[in-house]
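Engineer: Sharing structure-v9.txt here; it has compact mmCIF, C-alpha atoms.
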```txt
# COMPACT_ATOMS: atom_id res chain seq x y z
CA MET A 232 73.74 65.12 133.58
CA THR A 233 75.73 67.78 131.74
CA GLU A 234 75.90 67.98 127.97
CA ASP A 235 79.56 66.93 127.78
CA SER A 236 78.99 63.78 129.80
CA ARG A 237 76.61 62.48 127.18
CA LEU A 238 77.57 59.20 125.58
CA ILE A 239 78.14 59.04 121.85
CA PRO A 240 75.71 56.82 119.93
CA ALA A 241 77.21 53.69 118.37
CA GLY A 242 78.35 53.84 114.77
CA SER A 243 76.13 52.44 112.05
CA GLN A 244 77.24 49.64 109.73
CA THR A 245 75.54 48.34 106.62
CA VAL A 246 72.77 45.79 106.87
CA GLY A 247 74.68 43.88 104.14
CA PRO A 248 73.18 41.50 101.59
CA PHE A 249 72.16 38.77 104.03
CA PHE A 250 69.80 40.65 106.34
CA ARG A 251 66.84 38.41 105.52
CA ILE A 252 68.26 35.82 107.90
CA GLY A 253 67.69 38.12 110.84
CA LEU A 254 65.05 40.59 109.73
CA GLU A 255 62.52 38.77 107.56
CA TYR A 256 60.53 37.24 110.44
CA LEU A 257 59.20 40.66 111.40
CA ILE A 258 57.81 41.17 107.89
CA ASP A 259 56.07 37.81 108.09
CA ARG A 260 54.59 38.47 111.51
CA ALA A 261 52.91 41.79 110.80
CA PRO A 262 49.21 41.39 111.57
CA ALA A 263 47.35 40.75 108.32
CA LEU A 264 45.14 43.59 107.10
CA ASP A 265 42.32 42.28 104.91
CA ALA A 266 41.76 44.19 101.71
CA ASP A 267 38.42 45.47 103.01
CA THR A 268 39.74 46.75 106.37
CA ALA A 269 38.61 50.35 106.77
CA GLY A 270 41.58 52.72 106.59
CA ARG A 271 43.92 50.21 104.99
CA ILE A 272 46.36 51.52 102.41
CA GLU A 273 48.89 49.75 100.29
CA ILE A 274 52.13 51.17 98.95
CA ARG A 275 53.79 49.40 96.05
CA GLY A 276 57.15 50.64 95.02
CA ARG A 277 60.67 50.10 93.84
CA VAL A 278 64.12 50.98 95.04
CA LEU A 279 66.52 52.06 92.29
CA ASP A 280 70.18 53.03 92.29
CA ARG A 281 72.04 55.79 90.39
CA ASP A 282 71.73 53.91 87.10
CA GLY A 283 68.08 53.01 87.53
CA THR A 284 69.10 49.46 88.38
CA PRO A 285 66.69 47.79 90.82
CA VAL A 286 68.06 47.24 94.31
CA PRO A 287 67.09 43.69 95.28
CA ASP A 288 68.50 43.87 98.79
CA ALA A 289 66.85 46.81 100.51
CA VAL A 290 64.81 46.85 103.72
CA LEU A 291 62.29 49.61 104.28
CA GLU A 292 60.67 50.44 107.59
CA PHE A 293 57.60 52.65 107.81
CA TRP A 294 56.61 54.51 110.95
CA ALA A 295 53.62 56.68 111.77
CA PRO A 296 52.57 57.53 115.32
CA ARG A 297 49.03 56.30 115.69
CA ILE A 298 47.15 58.32 118.23
CA THR A 299 44.28 55.87 118.45
CA VAL A 300 45.27 52.25 118.58
CA SER A 301 42.54 49.68 118.63
CA THR A 302 44.60 46.50 118.75
CA SER A 303 44.51 44.22 121.77
CA ALA A 304 46.90 44.70 124.69
CA GLN A 305 48.45 41.32 123.90
CA ASP A 306 49.49 42.35 120.41
CA PRO A 307 53.30 42.31 120.28
CA TYR A 308 53.36 44.22 117.02
CA PRO A 309 53.21 48.03 117.10
CA ALA A 310 50.33 49.35 115.03
CA GLY A 311 52.19 52.21 113.37
CA PHE A 312 55.17 50.14 112.25
CA ARG A 313 55.76 48.04 109.15
CA ARG A 314 58.91 46.44 107.70
CA THR A 315 59.24 45.26 104.12
CA ALA A 316 62.08 44.20 101.80
CA THR A 317 62.59 44.40 98.07
CA ASP A 318 62.37 41.32 95.86
CA THR A 319 64.80 40.30 93.12
CA ASN A 320 63.35 43.02 90.86
CA GLY A 321 63.72 45.76 93.47
CA ASN A 322 59.97 45.84 94.15
CA PHE A 323 58.34 46.10 97.54
CA VAL A 324 54.80 46.18 98.85
CA VAL A 325 53.57 47.24 102.24
CA ALA A 326 50.07 47.33 103.71
CA ALA A 327 49.40 49.66 106.60
CA MET A 328 46.72 51.76 108.21
CA ARG A 329 46.40 55.23 106.72
CA PRO A 330 48.37 57.57 109.01
CA ALA A 331 46.54 60.34 110.85
CA ALA A 332 47.33 64.03 110.47
CA VAL A 333 49.57 64.94 113.39
CA PRO A 334 50.44 68.35 114.83
CA LEU A 335 53.71 70.27 114.86
CA GLU A 336 54.94 71.68 118.19
CA ASP A 337 53.22 74.97 117.42
CA GLY A 338 49.89 73.31 116.80
CA ARG A 339 49.79 73.54 113.04
CA MET A 340 48.82 70.27 111.45
CA GLN A 341 51.07 68.15 109.27
CA ALA A 342 49.62 66.28 106.33
CA PRO A 343 49.37 62.51 106.88
CA HIS A 344 52.76 60.95 106.24
CA MET A 345 55.01 58.12 107.31
CA LEU A 346 58.67 58.27 108.21
CA VAL A 347 60.59 55.79 106.07
CA LEU A 348 63.95 54.20 106.93
CA VAL A 349 65.86 52.69 104.01
CA PHE A 350 68.55 50.07 104.64
CA ALA A 351 70.49 48.24 101.92
CA ARG A 352 73.78 46.68 101.02
CA GLY A 353 75.87 49.70 100.08
CA LEU A 354 74.24 51.96 102.66
CA LEU A 355 76.60 52.26 105.60
CA ARG A 356 73.96 54.20 107.50
CA HIS A 357 70.25 53.99 106.88
CA LEU A 358 68.48 56.75 105.01
CA LEU A 359 65.62 58.75 106.43
CA THR A 360 62.78 60.01 104.28
CA ARG A 361 59.03 60.61 104.44
CA VAL A 362 56.20 59.45 102.24
CA TYR A 363 53.10 61.59 101.69
CA PHE A 364 49.94 60.67 99.79
CA GLU A 365 48.94 62.37 96.56
CA ASP A 366 45.25 62.75 97.39
CA GLU A 367 45.69 64.38 100.81
CA PRO A 368 44.52 67.99 100.65
CA GLY A 369 46.81 68.97 103.54
CA ASN A 370 49.97 68.45 101.45
CA THR A 371 50.00 71.97 100.05
CA ALA A 372 50.11 73.44 103.57
CA ASP A 373 52.49 70.91 105.10
CA THR A 374 55.50 72.72 106.62
CA VAL A 375 58.00 69.93 106.01
CA LEU A 376 56.92 69.42 102.42
CA GLN A 377 56.86 73.13 101.63
CA GLU A 378 60.44 73.56 102.93
CA ILE A 379 61.66 71.18 100.25
CA PRO A 380 62.63 72.67 96.88
CA ALA A 381 59.55 72.47 94.64
CA GLU A 382 61.25 70.40 91.96
CA ARG A 383 62.16 67.67 94.48
CA ARG A 384 58.92 67.63 96.46
CA ALA A 385 57.28 65.04 94.23
CA THR A 386 59.87 62.45 95.27
CA LEU A 387 58.13 62.24 98.66
CA THR A 388 54.63 61.83 97.28
CA ALA A 389 53.13 58.42 96.60
CA ARG A 390 50.85 58.44 93.55
CA LEU A 391 47.40 56.94 93.61
CA GLU A 392 47.09 53.83 91.48
CA THR A 393 44.58 54.47 88.73
CA HIS A 394 42.26 51.56 89.23
CA GLN A 395 42.71 50.73 92.90
CA ALA A 396 41.37 52.78 95.76
CA ASN A 397 43.76 53.32 98.70
CA SER A 398 46.63 51.89 96.71
CA TYR A 399 49.72 53.96 96.01
CA GLN A 400 52.87 53.82 93.93
CA TRP A 401 56.16 55.22 95.22
CA THR A 402 59.69 54.86 93.86
CA VAL A 403 62.78 55.44 95.98
CA HIS A 404 65.74 56.71 93.95
CA LEU A 405 68.87 56.34 96.06
CA GLN A 406 70.89 58.59 93.75
CA GLY A 407 70.67 60.40 90.41
CA GLN A 408 68.59 63.06 88.74
CA ASP A 409 65.37 61.90 90.38
CA GLU A 410 67.04 61.32 93.73
CA THR A 411 64.54 61.03 96.57
CA VAL A 412 64.79 63.69 99.25
CA PHE A 413 66.57 62.27 102.28
CA PHE A 414 66.85 64.01 105.63
CA ALA A 415 69.94 64.76 107.70
CA TRP A 416 70.07 63.04 111.09
CA MET B 130 54.44 80.48 115.26
CA ILE B 131 57.43 79.04 117.14
CA GLU B 132 60.78 78.06 115.72
CA LEU B 133 60.66 74.35 114.97
CA ARG B 134 63.52 72.30 116.35
CA THR B 135 65.17 70.18 113.67
CA VAL B 136 66.55 66.69 114.02
CA ALA B 137 70.14 66.89 115.31
CA THR B 138 72.90 65.50 113.15
CA ALA B 139 75.60 63.12 114.37
CA ILE B 140 78.98 64.24 115.71
CA PRO B 141 81.30 64.28 112.66
CA GLY B 142 83.41 61.13 112.32
CA THR B 143 81.24 59.02 114.60
CA GLN B 144 78.94 57.83 111.80
CA PRO B 145 79.93 56.69 108.31
CA ASP B 146 79.40 58.91 105.28
CA TYR B 147 76.87 57.55 102.83
CA HIS B 148 79.34 57.94 99.97
CA PHE B 149 82.43 55.94 100.87
CA PRO B 150 84.20 54.75 97.69
CA GLY B 151 86.33 52.21 99.59
CA TYR B 152 83.09 50.31 100.01
CA VAL B 153 82.31 49.91 96.33
CA SER B 154 78.59 49.20 96.77
CA SER B 155 78.11 52.66 98.28
CA ILE B 156 79.11 54.44 95.07
CA ALA B 157 75.86 54.02 93.09
CA ARG B 158 73.57 53.68 96.10
CA SER B 159 74.38 56.72 98.22
CA PRO B 160 72.57 60.03 97.88
CA ARG B 161 74.64 62.85 96.41
CA MET B 162 72.16 65.70 96.69
CA PRO B 163 72.13 67.77 99.87
CA LEU B 164 70.35 66.18 102.81
CA VAL B 165 67.43 68.24 104.08
CA LEU B 166 66.93 69.31 107.71
CA LEU B 167 63.85 67.76 109.26
CA PRO B 168 61.75 69.33 112.03
CA GLU B 169 61.62 67.00 115.03
CA THR B 170 57.89 66.39 115.20
CA ILE B 171 55.77 63.78 116.92
CA THR B 172 56.60 61.43 114.03
CA GLU B 173 60.31 61.61 114.82
CA LYS B 174 59.91 61.65 118.61
CA THR B 175 57.87 58.47 118.80
CA GLY B 176 58.66 54.94 117.73
CA PRO B 177 57.56 51.35 117.82
CA VAL B 178 57.69 49.23 120.97
CA PHE B 179 57.59 45.47 120.64
CA GLY B 180 55.89 43.12 123.05
CA HIS B 181 57.29 39.94 124.58
CA GLY B 182 54.93 37.93 122.40
CA LEU B 183 57.32 38.52 119.52
CA ILE B 184 60.09 36.50 121.14
CA ARG B 185 60.05 32.71 121.04
CA GLN B 186 61.75 30.16 123.26
CA HIS B 187 65.12 29.68 121.53
CA ASP B 188 65.35 33.08 119.86
CA HIS B 189 68.24 34.16 122.12
CA ASP B 190 70.09 30.83 121.84
CA LEU B 191 71.38 30.32 118.31
CA THR B 192 72.88 26.97 119.31
CA ALA B 193 69.53 25.46 120.30
CA GLN B 194 67.43 26.06 117.21
CA HIS B 195 67.99 22.64 115.62
CA GLY B 196 68.26 18.97 116.61
CA GLY B 197 72.00 19.04 117.27
CA GLU B 198 74.74 21.45 118.28
CA PRO B 199 76.33 23.66 115.63
CA LEU B 200 80.04 23.34 114.91
CA GLY B 201 82.40 26.05 116.07
CA GLU B 202 83.53 27.92 119.12
CA ARG B 203 80.60 28.35 121.51
CA ILE B 204 80.21 31.94 122.80
CA PHE B 205 78.03 34.08 125.03
CA VAL B 206 77.44 37.64 123.87
CA HIS B 207 75.98 40.05 126.35
CA GLY B 208 75.85 43.73 127.18
CA ARG B 209 73.67 46.70 127.92
CA VAL B 210 71.72 49.00 125.67
CA LEU B 211 72.03 52.57 126.92
CA ASP B 212 70.75 55.95 125.84
CA GLU B 213 72.93 59.07 125.47
CA ASP B 214 72.52 59.81 129.17
CA GLY B 215 73.79 56.35 130.09
CA ARG B 216 70.34 55.22 131.17
CA PRO B 217 69.27 51.67 130.33
CA VAL B 218 66.96 51.25 127.36
CA ARG B 219 64.38 48.77 128.61
CA GLY B 220 62.43 46.47 126.34
CA ALA B 221 64.62 47.31 123.35
CA LEU B 222 64.24 44.81 120.52
CA VAL B 223 67.69 43.45 119.61
CA GLU B 224 67.89 41.39 116.41
CA VAL B 225 71.09 39.56 115.38
CA TRP B 226 72.26 37.56 112.39
CA GLN B 227 75.63 36.09 111.50
CA ALA B 228 77.66 33.65 109.42
CA ASN B 229 78.39 30.18 110.77
CA ALA B 230 81.79 29.06 112.08
CA SER B 231 83.00 28.49 108.50
CA GLY B 232 82.08 32.00 107.41
CA ARG B 233 78.96 31.00 105.47
CA TYR B 234 75.52 32.59 105.75
CA LEU B 235 72.35 30.57 105.37
CA HIS B 236 71.25 32.74 102.47
CA LYS B 237 70.65 31.94 98.82
CA VAL B 238 72.91 34.69 97.51
CA ASP B 239 75.88 33.66 99.66
CA ASN B 240 78.03 31.68 97.23
CA HIS B 241 81.13 31.37 99.42
CA ASP B 242 82.50 27.86 99.03
CA ALA B 243 82.31 26.96 102.72
CA PRO B 244 79.96 24.43 104.27
CA LEU B 245 76.55 25.22 105.67
CA ASP B 246 75.84 23.81 109.10
CA PRO B 247 72.53 21.95 109.37
CA ASN B 248 72.41 22.89 113.05
CA PHE B 249 72.90 26.61 112.61
CA SER B 250 70.60 29.23 111.06
CA GLY B 251 72.42 32.24 112.45
CA ALA B 252 69.47 34.42 113.51
CA GLY B 253 68.30 35.52 116.94
CA ARG B 254 66.39 38.18 118.79
CA THR B 255 65.60 39.30 122.30
CA LEU B 256 64.21 42.20 124.33
CA THR B 257 66.42 43.99 126.87
CA ASP B 258 65.50 43.60 130.54
CA GLU B 259 64.79 46.27 133.16
CA GLU B 260 68.49 47.19 133.28
CA GLY B 261 68.83 47.33 129.52
CA ARG B 262 70.68 44.01 129.39
CA TYR B 263 70.63 41.52 126.52
CA TRP B 264 72.17 38.04 126.28
CA PHE B 265 72.73 35.64 123.41
CA LYS B 266 74.36 32.25 123.10
CA SER B 267 75.90 31.48 119.73
CA ILE B 268 79.05 30.28 118.00
CA LYS B 269 81.86 32.56 116.88
CA PRO B 270 81.30 33.49 113.23
CA GLY B 271 84.09 32.87 110.73
CA ALA B 272 85.74 35.44 108.49
CA TYR B 273 84.64 35.24 104.86
CA PRO B 274 85.71 36.57 101.46
CA TRP B 275 83.69 39.14 99.54
CA GLY B 276 83.95 40.82 96.17
CA ASN B 277 84.73 44.40 97.19
CA HIS B 278 88.36 44.28 96.09
CA TYR B 279 91.09 41.72 95.40
CA ASN B 280 91.43 39.23 98.27
CA ALA B 281 88.89 41.07 100.42
CA TRP B 282 87.83 39.35 103.65
CA ARG B 283 85.36 40.56 106.24
CA PRO B 284 86.55 40.39 109.84
CA ALA B 285 84.37 38.18 112.04
CA HIS B 286 81.23 40.06 113.04
CA ILE B 287 77.67 39.72 114.25
CA HIS B 288 75.02 41.98 112.71
CA PHE B 289 72.94 43.83 115.31
CA SER B 290 69.68 45.69 114.71
CA LEU B 291 68.13 47.69 117.57
CA PHE B 292 65.03 49.72 118.35
CA GLY B 293 65.27 52.13 121.28
CA ALA B 294 62.97 54.86 122.54
CA GLY B 295 61.88 56.73 119.43
CA ILE B 296 62.40 55.88 115.79
CA LEU B 297 65.52 58.09 115.58
CA SER B 298 67.27 55.71 117.98
CA ARG B 299 67.04 52.98 115.35
CA LEU B 300 70.46 51.41 114.76
CA VAL B 301 71.84 48.69 112.52
CA THR B 302 75.48 47.92 113.16
CA GLN B 303 78.00 45.10 113.48
CA MET B 304 79.77 43.78 116.55
CA TYR B 305 83.41 42.83 116.03
CA PHE B 306 85.75 40.65 118.07
CA PRO B 307 88.92 41.82 119.85
CA GLY B 308 92.28 41.20 118.23
CA ASP B 309 91.00 40.46 114.73
CA PRO B 310 93.82 41.30 112.25
CA LEU B 311 91.29 41.80 109.42
CA GLN B 312 89.76 44.91 111.01
CA PRO B 313 92.40 47.40 109.75
CA LEU B 314 91.89 46.04 106.21
CA ASP B 315 88.09 46.23 106.16
CA PRO B 316 86.44 49.22 104.43
CA ILE B 317 83.14 48.72 106.25
CA PHE B 318 84.80 48.81 109.69
CA ASN B 319 86.95 51.76 108.59
CA SER B 320 84.03 53.73 107.15
CA ILE B 321 83.80 55.29 110.61
CA ALA B 322 86.55 57.91 110.65
CA ASP B 323 86.82 58.37 114.41
CA GLU B 324 89.15 55.80 115.95
CA ALA B 325 87.39 55.73 119.32
CA ALA B 326 84.05 55.24 117.57
CA ARG B 327 85.50 52.31 115.61
CA ARG B 328 86.89 50.80 118.80
CA ARG B 329 83.44 50.95 120.37
CA MET B 330 82.22 48.44 117.77
CA ILE B 331 84.68 45.86 119.13
CA SER B 332 83.46 43.62 121.93
CA ARG B 333 85.56 42.76 124.97
CA LEU B 334 86.57 39.27 126.06
CA ASP B 335 84.78 38.80 129.37
CA MET B 336 86.37 36.00 131.40
CA ASP B 337 84.07 36.72 134.36
CA ARG B 338 81.06 35.69 132.33
CA SER B 339 82.81 32.84 130.51
CA GLU B 340 81.95 29.34 131.62
CA PRO B 341 84.97 27.11 132.33
CA ASN B 342 85.18 24.07 130.06
CA TYR B 343 82.17 25.32 128.10
CA ALA B 344 82.17 28.76 126.44
CA LEU B 345 83.94 32.13 126.26
CA ALA B 346 81.94 35.33 126.76
CA TYR B 347 82.14 38.64 124.93
CA ALA B 348 80.68 41.85 126.37
CA TRP B 349 79.44 44.68 124.21
CA ASP B 350 77.47 47.73 125.35
CA ILE B 351 75.55 49.69 122.76
CA VAL B 352 74.65 53.38 123.03
CA LEU B 353 71.53 54.39 121.12
CA ARG B 354 70.73 57.88 120.04
CA GLY B 355 68.26 59.82 122.15
CA ARG B 356 67.33 60.15 125.79
CA SER B 357 64.92 58.00 127.70
CA GLU B 358 62.43 60.78 128.34
CA THR B 359 61.63 60.66 124.63
CA LEU B 360 57.99 59.75 124.38
CA PHE B 361 57.08 56.65 122.52
CA GLU B 362 54.05 54.65 121.65
CA GLU B 363 53.45 51.44 123.54
CA ALA B 364 52.21 48.61 121.40
CA GLY B 365 48.54 48.03 121.83
CA ARG B 366 48.05 50.52 124.65
```
Mind turning this structure into structure tokens?
Structural biologist:
Amino acid sequence: MTEDSRLIPAGSQTVGPFFRIGLEYLIDRAPALDADTAGRIEIRGRVLDRDGTPVPDAVLEFWAPRITVSTSAQDPYPAGFRRTATDTNGNFVVAAMRPAAVPLEDGRMQAPHMLVLVFARGLLRHLLTRVYFEDEPGNTADTVLQEIPAERRATLTARLETHQANSYQWTVHLQGQDETVFFAW
Amino acid sequence: MIELRTVATAIPGTQPDYHFPGYVSSIARSPRMPLVLLPETITEKTGPVFGHGLIRQHDHDLTAQHGGEPLGERIFVHGRVLDEDGRPVRGALVEVWQANASGRYLHKVDNHDAPLDPNFSGAGRTLTDEEGRYWFKSIKPGAYPWGNHYNAWRPAHIHFSLFGAGILSRLVTQMYFPGDPLQPLDPIFNSIADEAARRRMISRLDMDRSEPNYALAYAWDIVLRGRSETLFEEAGR
């Protein structure tokens, strides 16, 4: 098929304020990860607007390709995927397996990261960002991270919680001085 | 070292801008700093695939989820999910949610003074078949007022959320109904600048699939970003 016969992808529209009706079930059905599961991480965070006001109606989806998947063939839930939503205070929490380091096309390794999709009332099209982990030594050599202006790089890095192993803190700023880096797509 | 291919950006006008002041909620919630180009790596080329175990018996029939029938105009909504090459996207998870016939959502922050329907929750989901087809049975949602501007009303719509091959094919959109006079007045609908792209969000009355003396049908095909040769991870394989 030639390039000009390609179809144009459908336009995006906001998820609106009432998405829980249709989207919450998938949060509830994620396979539980016990606190002592090897490789389990937890990200606790907030979504804030331009004024630092919490966004109580955001959905976040986390994706990491998992090269080795150990779940059963009957499992309807993809291992590398998690959905979460913010509460009335704009807070979210998500438990997932720590992503693996994955290669670029040229063979260089990327630091472990997850692709994050942010949906909310007010967002006509979802946002695309990545989250990295503070204690991963590969961050300083990661091509994607190093391409980002130094002063904004920290917006993509989840901080380790002081008293909890494998637990991270990450704030998404939709707009403003501390605006999170979002990618074009 | 080879040149890394970056994620392609949408054809101008076919997707809404993040900052669209006509939709007031976008003003303080849209990024204003430059968006950054992203290499298209294995992370971007793969995506989740959902198994049939996720779907339950009445998930595609929003009229059968309670003891009685919901009020309103019964409808069938069907169509195909296609990639940019026009190939069917098989096994795509399609999630829908909508207001009831009175224009009221079953949601605690919906304060529109219209009745809830004890027989209607307004949520459904399905996986597309081998030809990329999906099918729902529902009732036609009502228009409803919202606070965006004076006397603002949303045209009737059904929210759709889809997963195709690869996470970049992810789409959340709204399906509209033909001939709705509220569409030209709606900033969300009009956030897409390209007229043809707006028109593609409007379903078509499909008399061939309607059932006489029972229900009208609306057809709506959805094109997802990407091409089917995109590699993706199969759940649990």
Engineer: Could you jot down the atom CA of Ile351 of chain B to atom CA of Val210 of chain B separation for me, Å, one decimal place?
Structural biologist: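 Those two atoms sit 4.9 Å apart.
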Engineer: Can you measure atom CA of Val324 of chain A to atom CA of Gly276 of chain A for me? One decimal in Å is fine.
Structural biologist: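 We find that atom CA of Val324 of chain A and atom CA of Gly276 of chain A lie 6.3 Å from each other.
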Engineer: To one decimal place in Å, what is the distance between atom CA of Ala351 of chain A and atom CA of Leu311 of chain B?
Structural biologist: 23.0 Å
Engineer: Under the rule of at most 8 Å, produce a per-residue listing of segment 271-304 of chain B near segment 220-240 of chain B: chain, number, name, the closest pair of atoms, and the distance in Å, as a tab-separated table, using all atoms listed in the file.
Structural biologist:
```
residue	atom	partner	partner_atom	distance
B:Gly271	CA	B:Gly232	CA	4.0
B:Ala272	CA	B:Gly232	CA	5.1
B:Tyr273	CA	B:Gly232	CA	4.9
B:His286	CA	B:Gln227	CA	7.0
B:Ile287	CA	B:Gln227	CA	5.0
B:His288	CA	B:Trp226	CA	5.2
B:Phe289	CA	B:Val225	CA	4.7
B:Ser290	CA	B:Glu224	CA	5.0
B:Leu291	CA	B:Val223	CA	4.7
B:Phe292	CA	B:Leu222	CA	5.4
B:Gly293	CA	B:Ala221	CA	5.3
B:Ala294	CA	B:Ala221	CA	7.8
```
Engineer: Would you list which chain A residues are within 6 Å of chain B using all atoms listed in the file, as a ChimeraX atom specification?
Structural biologist: /A:237-238,240-244,252-253,280-281,296,302-304,306-309,335,337,353-355,405-406,413-416
Engineer: Please check which residues have atoms at most 10 Å from (58.1, 59.5, 96.4) in the file's coordinates, counting all atoms listed in the file, and write them as a compact mmCIF listing (two decimals) with C-alpha atoms, in the coordinates of the input.
Structural biologist:
```txt
# COMPACT_ATOMS: atom_id res chain seq x y z
CA GLY A 276 57.15 50.64 95.02
CA THR A 360 62.78 60.01 104.28
CA ARG A 361 59.03 60.61 104.44
CA VAL A 362 56.20 59.45 102.24
CA TYR A 363 53.10 61.59 101.69
CA PHE A 364 49.94 60.67 99.79
CA GLU A 365 48.94 62.37 96.56
CA ARG A 383 62.16 67.67 94.48
CA ARG A 384 58.92 67.63 96.46
CA ALA A 385 57.28 65.04 94.23
CA THR A 386 59.87 62.45 95.27
CA LEU A 387 58.13 62.24 98.66
CA THR A 388 54.63 61.83 97.28
CA ALA A 389 53.13 58.42 96.60
CA ARG A 390 50.85 58.44 93.55
CA GLN A 400 52.87 53.82 93.93
CA TRP A 401 56.16 55.22 95.22
CA THR A 402 59.69 54.86 93.86
CA VAL A 403 62.78 55.44 95.98
CA HIS A 404 65.74 56.71 93.95
CA ASP A 409 65.37 61.90 90.38
CA GLU A 410 67.04 61.32 93.73
CA THR A 411 64.54 61.03 96.57
CA VAL A 412 64.79 63.69 99.25
```
Engineer: Between B:Lys269, B:Arg283, B:Arg185, B:Ile204, single out the one closest to Pro341 of chain B, counting all atoms listed in the file.
Structural biologist: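 Residue with the minimum atom-to-atom distance to Pro341 of chain B: B:Ile204.
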Engineer: Let me make sure I understand: among A:Met328, A:Leu291, A:Ile274, A:Ala310, which one has the smallest atom-to-atom distance to Phe350 of chain A if we use only C-alpha atoms?
Structural biologist: A:Leu291
Engineer: Quick one: residues within 10 Å of Pro247 of chain B, all atoms listed in the file, excluding same-chain residues fewer than 4 positions away - as a PDB file with C-alpha atoms, keeping the file's coordinate frame?
Structural biologist:
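Output (out36.pdb):
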```pdb
ATOM      1  CA  HIS B 195      67.990  22.640 115.620  1.00  0.00           C
ATOM      2  CA  GLY B 196      68.260  18.970 116.610  1.00  0.00           C
ATOM      3  CA  GLY B 197      72.000  19.040 117.270  1.00  0.00           C
ATOM      4  CA  GLU B 198      74.740  21.450 118.280  1.00  0.00           C
ATOM      5  CA  PRO B 199      76.330  23.660 115.630  1.00  0.00           C
ATOM      6  CA  LEU B 200      80.040  23.340 114.910  1.00  0.00           C
ATOM      7  CA  LEU B 235      72.350  30.570 105.370  1.00  0.00           C
TER       8      LEU B 235
END
```
Engineer: I'd like the contact shell of Tyr347 of chain B - 6 Å cut-off, only C-alpha atoms, skipping same-chain residues fewer than 2 positions apart - returned as a list in words.
Structural biologist: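 Residues near the query, excluding close chain neighbours: Val206, Ser332, Arg333, Leu334 and Asp335 of chain B.
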Engineer: Quick one: residues within 7 Å of segment 292-294 of chain A, all atoms listed in the file, excluding same-chain residues fewer than 6 positions away - as an MDAnalysis selection string?
Structural biologist: chainID A and resid 311:315 345:349
Engineer: Can I get segment 290-294 of chain A with all heavy atoms filled in, as a CSV table (one decimal), in the coordinates of the input?
Structural biologist:
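The result, written out as result-v5.csv:
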```
chain,number,residue,atom,x,y,z
A,290,VAL,N,65.9,47.0,102.7
A,290,VAL,CA,64.8,46.8,103.7
A,290,VAL,C,64.2,48.2,103.9
A,290,VAL,O,65.0,49.2,104.1
A,290,VAL,CB,65.4,46.4,105.1
A,290,VAL,CG1,64.3,46.1,106.1
A,290,VAL,CG2,66.2,45.2,104.9
A,291,LEU,N,62.9,48.3,104.0
A,291,LEU,CA,62.3,49.6,104.3
A,291,LEU,C,61.4,49.4,105.5
A,291,LEU,O,60.7,48.4,105.7
A,291,LEU,CB,61.4,50.1,103.1
A,291,LEU,CG,62.1,50.4,101.8
A,291,LEU,CD1,62.1,49.2,100.9
A,291,LEU,CD2,61.5,51.6,101.1
A,292,GLU,N,61.5,50.4,106.4
A,292,GLU,CA,60.7,50.4,107.6
A,292,GLU,C,59.8,51.7,107.6
A,292,GLU,O,60.4,52.8,107.3
A,292,GLU,CB,61.5,50.3,108.9
A,292,GLU,CG,62.2,48.9,109.0
A,292,GLU,CD,63.1,48.7,110.1
A,292,GLU,OE1,63.4,49.7,110.9
A,292,GLU,OE2,63.5,47.6,110.4
A,293,PHE,N,58.6,51.5,107.8
A,293,PHE,CA,57.6,52.6,107.8
A,293,PHE,C,57.1,52.9,109.2
A,293,PHE,O,56.7,51.9,109.9
A,293,PHE,CB,56.4,52.3,106.9
A,293,PHE,CG,56.8,52.2,105.5
A,293,PHE,CD1,57.4,51.1,105.0
A,293,PHE,CD2,56.4,53.2,104.6
A,293,PHE,CE1,57.8,51.0,103.6
A,293,PHE,CE2,56.7,53.1,103.2
A,293,PHE,CZ,57.4,52.0,102.7
A,294,TRP,N,57.1,54.2,109.6
A,294,TRP,CA,56.6,54.5,111.0
A,294,TRP,C,55.7,55.7,110.9
A,294,TRP,O,56.0,56.7,110.3
A,294,TRP,CB,57.8,54.8,111.9
A,294,TRP,CG,57.3,55.5,113.2
A,294,TRP,CD1,57.5,56.8,113.6
A,294,TRP,CD2,56.6,54.8,114.2
A,294,TRP,NE1,56.9,56.9,114.8
A,294,TRP,CE2,56.3,55.8,115.2
A,294,TRP,CE3,56.0,53.5,114.3
A,294,TRP,CZ2,55.6,55.5,116.3
A,294,TRP,CZ3,55.3,53.2,115.5
A,294,TRP,CH2,55.1,54.2,116.5
```
